[in-house]
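**Q** For reference, the structure I am asking about is given below.
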Amino acid sequence: MAALSLAKIEKTYPNGFKAVHGVDLEVRDGEFMVLVGPSGCAKSTLLRMVAGLESISAGVLRIGDRVVNDLPAKARGIAMVFQNYALYPHMRVFDNLAFGLKLAGTSKAEVERRVRHAAKLLEMEALLDRYPRQLSGGQAQRVAVGRAIVKEPEVFLFDEPLSNLDAKLRAAMRVRLTELHRTLREQGRPATVIYVTHDQTEAMTMGERICVLKEGVIQQVDTPVALYRRPANAFVAGFIGSPEMNILDAELVAAGAGLAVRLGGHTLPLPPERAPRTPLHGPVKFGLRPEHIGIVPLDGSTPVPAKLRFGEHMGNEVFVHAEIGNLALTARVPAPQAESLQASPRGSEVTLHLQMDSAHLFDAASGASLA
Amino acid sequence: MNTSAANPVAMGENRGAAWPRYVVLAAVSLLMLYPLVWLVGATFKSNAEIFTEVGFWPSHLDFGAYARGWKTSTEYTFATYFFNSFLITIPRILVTVTSCVLVAYAFARFEFWGKKWLFAVMVGTMMLPLIVLRLPQYLMFRELGMLDTYWPLILPSAFATDTFFVFMLVQFLRAIPRDMEEAAMIDGCNALQMLLFIIVPLLRPAIVSVIVFQFIWTMNDFMGPLVFLASVEKYPVSLALKMSIGATEEVEWANVIAISVVALIPSVAVFFAAQRHFIEGAAAGGIKG
Ligand SMILES: Nc1ncnc2c1ncn2[C@@H]1O[C@H](COP(=O)(O)OP(=O)(O)O)[C@@H](O)[C@H]1O
Ligand SMILES: [Mg+2]
């Protein structure tokens with residue numbers, strides 16, 4: 001229950017590797033903030049610096065209104081859930097939860113009350129007498145969360161807590177954790193959460209705001225919807241959304257009064273509201289999400305001839321992979337529409353319908369959004 | 001996880017192939033155990049029988065050899081010698097475990113100046129033959145006025161000089177992920193609480209090994225007591241055994257063998273008591289299913 005602020009945070013490891021480059025981030029009181037990025041982008045490093053498990057090379061870290069740079073982990077008012085759960089194997093679940101409280105000299109009755117409360121919240125009252133080795137992955141995961149809850153910390157830190165679960169359980173736990181956050185808020189004890197994941201689905205579904213990281217540099221911080229609609233650069237555009245946004249090499253050219261995109265030998269007029277702020281001509285990166293490409297005409301779409309490569313059937317929809325000129329791209333179409341393609345051989349002609357009013361343009365060199 | 005599903009077929013095949021393997025194993029273990037069995041058999045035999053018969057089955061069952069061996073030809077019974085052995089072994093195990101765990105914890109988990117170098121030196125001392133140390137140790141303990149006491153047999157172990165154990169514990173600790181310790185750090189452990197509440201329980205299988213090995217080695221140690229102890233009343237079992245051979249001109253081998261068998265019992269008992277913990281290993285708190 002505290003805001004958290006990172007100002008110009010840097011991390012250089014003892015071996016000289018600079019993992020974090022000047023990160024500025026404000027996490028609001030009670031907010032569910034997700035740090036997302038590909039493996040190795042320093043998400044864990046950042047989280048561990050907040051936790052106090054890793055020293056901070058430069059910058060200022062505040063929890064609430066305290067500067068905590070040099071406070072030990074136990075004095076920061078944080079609780080952390082580890083990827084491997086890190087339960088104490090020689091203690092029963094009850095003692096795993098109670099350990100930190102006992103160390104802090106909490107009264108027996110209070111320990112009992114908090115452990116029972118957390119166990120109830122996570123529906124694991126029946127597990128309290130078990131040892132960690134007697135738990136399934138999902139149960140161990142809940143115990144790990146419970147161990148964080150009993151501490152009633154200022155800030156919860158999660159480091160890829162669901163990545164060891166199978167897909168079904170992961171989806172269930174996603175919902176459960178989100179609900180838990182809402183429940184705590186409704187109970188008047190909102191929890192500030194920093195949640196690390198490499199999975200954009202987790203980020204999109206759980207985060208109130210998402211911070212996208214790449215190689216130790218923040219790319220964009222915003223709500224899931226804003227990230228999806230207005231990615232700040234090609235990296236964010238490609239990372240958020242599934243299947244990935246098509247990002248193709250293209251050229252901006254003049255077309256009558258406005259602009260057009262030259263794409264694999266075809267010229268597609270660009271709606272005025274999608275044109276770059278500063279008019280320019282020349283090479284750009286053209287981005288269009290698969291859901292904005294159809295094999296039948298869509299709202300205000302522009303037809304382009306293409307060659308079929310193959311389709312990935314997902315049940316209710318099909319990811320159609322095709323080529324415009326020599327540029328590969330993916331369309332996401334409802335299954336019934338794709339039925340006609342089922343029999344088509346590789347390389348046969350299809351017409352793709354591109355919704356140009358959903359197009360994104362990025363600088364060819366830097367990848368920054370031109371919108 | 002998937003292995004159990006795939007097993008039924010594999011197990012069927014294995015059962016067919018298992019018989020020859022068990023036969024070979026049984027034959028080899030019999031070969032290894034035979035001297036021990038013979039030893040027990042010999043305790044019921046006369047000298048003449050011992051040196052003429054290969055079979056272990058004695059012609060008559062007479063526990064007299066045990067009684068005579070236990071009494072010894074000295075003024076003390078083996079009860080005294082066993083007591084002496086424990087008086088050396090138990091304190092030595094205590095200080096060994098304490099010192100070795102502390103040193104291993106430092107090597108495995110802390111960064112300090114010259115760590116690599118110190119570790120190399122420590123491992124290097126493992127190569128040193130023990131006998132090389134005897135003379136300087138003897139001179140040192142003489143200066144300290146500790147000859148003919150148990151101190152020279154116990155004190156060195158209090159400084160983690162059993163480097164093999166330190167090495168073993170360090171390796172074991174290195175294999176344990178640090179997550180649990182980090183969780184404990186966040187939970188508020190200081191370094192000492194970490195050691196007592198987290199590290200020692202995690203190290204338990206390795207500590208059990210240290211206890212067992214140190215027990216057996218100390219019980220069997222002959223040179224140490226021989227060098228440092230002078231009075232018979234302070235002799236441990238290993239020395240007393242040797243004495244029971246030398247004391248009289250005509251050795252009653254059955255007596256000697258009987259008491260050797262008895263002398264084996266503590267080590268064997270400790271080993272079997274600890275066996276379960278050996279195997280258990282470090283069941284980490286982490287990932288499953
Ligand atoms: N102790 C360390 N010493 C040196 N480099 C490290 C250390 N830990 C992590 N790194 C490097 O820092 C970068 C970020 O690592 P990490 O924070 O674990 O990434 P993520 O959690 O996003 O996958 C990686 O390139 C990794 O190799
Ligand atoms: Mg990580």
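Numbering starts fresh at 1 for the residues of each chain in the structure tokens, the chains themselves are lettered A, B, ... in the order given, and ligands are numbered from 1 as they appear.
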Collect all residues with atoms no farther than 9 Å from ligand 2, counting only C-alpha atoms and all ligand atoms, and output them as a PyMOL selection string.
**A** chain A and resi 39-45+47+83+159-160+196-198
**Q** Just to be explicit: take each residue in the selection above, keep N, CA, C and O atoms, and write the result as a tab-separated table (two decimals), in the first residue's frame.
**A**
chain	number	residue	atom	x	y	z
A	39	SER	N	13.10	-12.41	-22.82
A	39	SER	CA	14.07	-12.93	-21.86
A	39	SER	C	15.39	-12.17	-21.97
A	39	SER	O	15.86	-11.90	-23.06
A	40	GLY	N	15.95	-11.81	-20.82
A	40	GLY	CA	17.24	-11.13	-20.82
A	40	GLY	C	17.14	-9.61	-20.90
A	40	GLY	O	18.15	-8.93	-21.00
A	41	CYS	N	15.92	-9.05	-20.82
A	41	CYS	CA	15.78	-7.61	-20.94
A	41	CYS	C	15.93	-6.92	-19.59
A	41	CYS	O	15.69	-5.73	-19.47
A	42	ALA	N	16.29	-7.68	-18.55
A	42	ALA	CA	16.57	-7.13	-17.22
A	42	ALA	C	15.33	-6.89	-16.37
A	42	ALA	O	15.37	-6.10	-15.43
A	43	LYS	N	14.26	-7.61	-16.65
A	43	LYS	CA	13.07	-7.52	-15.80
A	43	LYS	C	13.40	-7.98	-14.39
A	43	LYS	O	13.10	-7.30	-13.41
A	44	SER	N	13.99	-9.18	-14.30
A	44	SER	CA	14.32	-9.73	-12.98
A	44	SER	C	15.30	-8.84	-12.25
A	44	SER	O	15.17	-8.59	-11.06
A	45	THR	N	16.29	-8.35	-12.98
A	45	THR	CA	17.29	-7.48	-12.37
A	45	THR	C	16.61	-6.29	-11.71
A	45	THR	O	16.88	-5.95	-10.56
A	47	LEU	N	13.46	-5.99	-10.77
A	47	LEU	CA	12.63	-6.40	-9.65
A	47	LEU	C	13.47	-6.72	-8.43
A	47	LEU	O	13.13	-6.37	-7.29
A	83	GLN	N	9.91	-17.30	-9.14
A	83	GLN	CA	9.53	-18.17	-10.25
A	83	GLN	C	9.47	-19.64	-9.82
A	83	GLN	O	8.57	-20.37	-10.20
A	159	ASP	N	7.99	-12.48	-9.72
A	159	ASP	CA	8.91	-12.73	-10.82
A	159	ASP	C	8.48	-13.97	-11.59
A	159	ASP	O	8.76	-15.09	-11.18
A	160	GLU	N	7.81	-13.77	-12.68
A	160	GLU	CA	7.31	-14.86	-13.53
A	160	GLU	C	6.72	-16.00	-12.70
A	160	GLU	O	7.14	-17.15	-12.85
A	196	VAL	N	6.37	-9.32	-12.98
A	196	VAL	CA	7.29	-9.49	-14.09
A	196	VAL	C	6.89	-10.70	-14.92
A	196	VAL	O	6.58	-11.76	-14.37
A	197	THR	N	6.86	-10.55	-16.22
A	197	THR	CA	6.57	-11.68	-17.09
A	197	THR	C	7.18	-11.45	-18.47
A	197	THR	O	7.46	-10.32	-18.85
A	198	HIS	N	7.40	-12.54	-19.19
A	198	HIS	CA	7.85	-12.38	-20.58
A	198	HIS	C	6.68	-12.62	-21.52
A	198	HIS	O	6.81	-12.55	-22.73
**Q** Report as an NGL selection string all protein, DNA and RNA residues lying within 9 Å of A:His21, evaluated on only C-alpha atoms, omitting residues in the same chain fewer than 3 positions from it.
**A** :A and (8-12 or 18 or 215-218)
**Q** Find the residues around A:Gly52 up to 8 Å (only C-alpha atoms counted), leave out those fewer than 2 positions away in its own chain, and share them as a compact mmCIF listing (two decimals) with N, CA, C and O atoms, in the first residue's frame.
**A**
# COMPACT_ATOMS: atom_id res chain seq x y z
N ARG A 48 14.62 -7.37 -8.67
CA ARG A 48 15.49 -7.73 -7.56
C ARG A 48 16.14 -6.51 -6.93
O ARG A 48 16.45 -6.51 -5.75
N MET A 49 16.32 -5.48 -7.72
CA MET A 49 16.82 -4.23 -7.14
C MET A 49 15.77 -3.60 -6.24
O MET A 49 16.08 -3.07 -5.18
N VAL A 50 14.52 -3.68 -6.67
CA VAL A 50 13.43 -3.16 -5.83
C VAL A 50 13.34 -3.98 -4.54
O VAL A 50 13.16 -3.43 -3.46
N GLU A 54 19.55 -7.16 -4.99
CA GLU A 54 20.60 -6.76 -5.92
C GLU A 54 20.89 -5.29 -5.63
O GLU A 54 19.96 -4.52 -5.40
N SER A 55 22.15 -4.93 -5.60
CA SER A 55 22.48 -3.54 -5.27
C SER A 55 22.10 -2.61 -6.43
O SER A 55 22.00 -3.05 -7.57
N ASN A 69 17.21 2.84 -1.23
CA ASN A 69 18.40 2.32 -1.92
C ASN A 69 19.27 1.42 -1.06
O ASN A 69 19.71 0.37 -1.48
N LEU A 71 18.53 0.27 2.10
CA LEU A 71 17.88 -0.53 3.14
C LEU A 71 18.00 -2.01 2.78
O LEU A 71 17.92 -2.37 1.61
N PRO A 72 18.17 -2.87 3.79
CA PRO A 72 18.15 -4.31 3.49
C PRO A 72 16.74 -4.75 3.09
O PRO A 72 15.77 -4.05 3.39
N ALA A 73 16.68 -5.91 2.43
CA ALA A 73 15.41 -6.40 1.89
C ALA A 73 14.30 -6.40 2.94
O ALA A 73 13.17 -5.99 2.67
N ARG A 76 12.29 -3.11 3.69
CA ARG A 76 11.69 -2.33 2.60
C ARG A 76 10.17 -2.46 2.55
O ARG A 76 9.53 -1.80 1.74
**Q** Which chain A residues are at most 10 Å from chain B (counting only C-alpha atoms), as a ChimeraX atom specification?
**A** /A:48,51-53,72-91,96-104,131-141,144,147-148,151,164-166
**Q** Once DSSP has gone over the backbone, tell me which residues of stretch 192-351 of chain A are in alpha helix (DSSP H), as a PyMOL selection string.
**A** chain A and resi 200-206+224-229+234-239+335-338
**Q** Based on the backbone DSSP call, show me all residues of stretch 42-192 of chain A assigned strand (DSSP E or B), as a list in words.
**A**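 Those in stretch 42-192 of chain A that DSSP calls strand (DSSP E or B) are Ala58, Gly59, Val60, Leu61, Arg62, Ile63, Arg66, Val67, Ile78, Ala79, Met80, Val81, Val155, Phe156, Leu157, Phe158, Asp159 and Thr192 of chain A.
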**Q** With only C-alpha atoms as the atoms that count, which of B:Leu102, B:Ser231, B:Phe78, B:Val212 lies nearest to B:Ala191?
**A**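 Of B:Leu102, B:Ser231, B:Phe78, B:Val212, the one nearest B:Ala191 is B:Leu102, counting only C-alpha atoms.
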**Q** Restricting the calculation to only C-alpha atoms and all ligand atoms: of A:Ala368, A:Leu61, A:Ala19, A:Val304, which residue gets closest to ligand 1?
**A**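 The closest residue to ligand 1 is A:Ala19.
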**Q** If you count only C-alpha atoms, which residues fall within 12 Å of B:Tyr150, apart from same-chain ones fewer than 6 positions away, as a list in words?
**A**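 Answer for this query is Asn84, Ser85, Phe86, Leu87, Ile88, Thr89, Ile90, Pro91, Arg92, Phe141, Pro156, Gly224, Pro225, Leu226, Val227, Phe228, Leu229, Ala230, Ser231, Lys234, Tyr235 and Pro236 of chain B.
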**Q** Which one of B:Phe110, B:Pro129, B:Phe82, B:Thr52 sits closest to B:Trp70 if you count only C-alpha atoms?
**A**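 So, comparing all the options, the nearest one is B:Phe82.
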**Q** Mind pulling up the distance from atom CA of B:Ile199 to atom CA of B:Trp151?
**A**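 According to the coordinates, atom CA of B:Trp151 and atom CA of B:Ile199 are separated by 29.2 Å.
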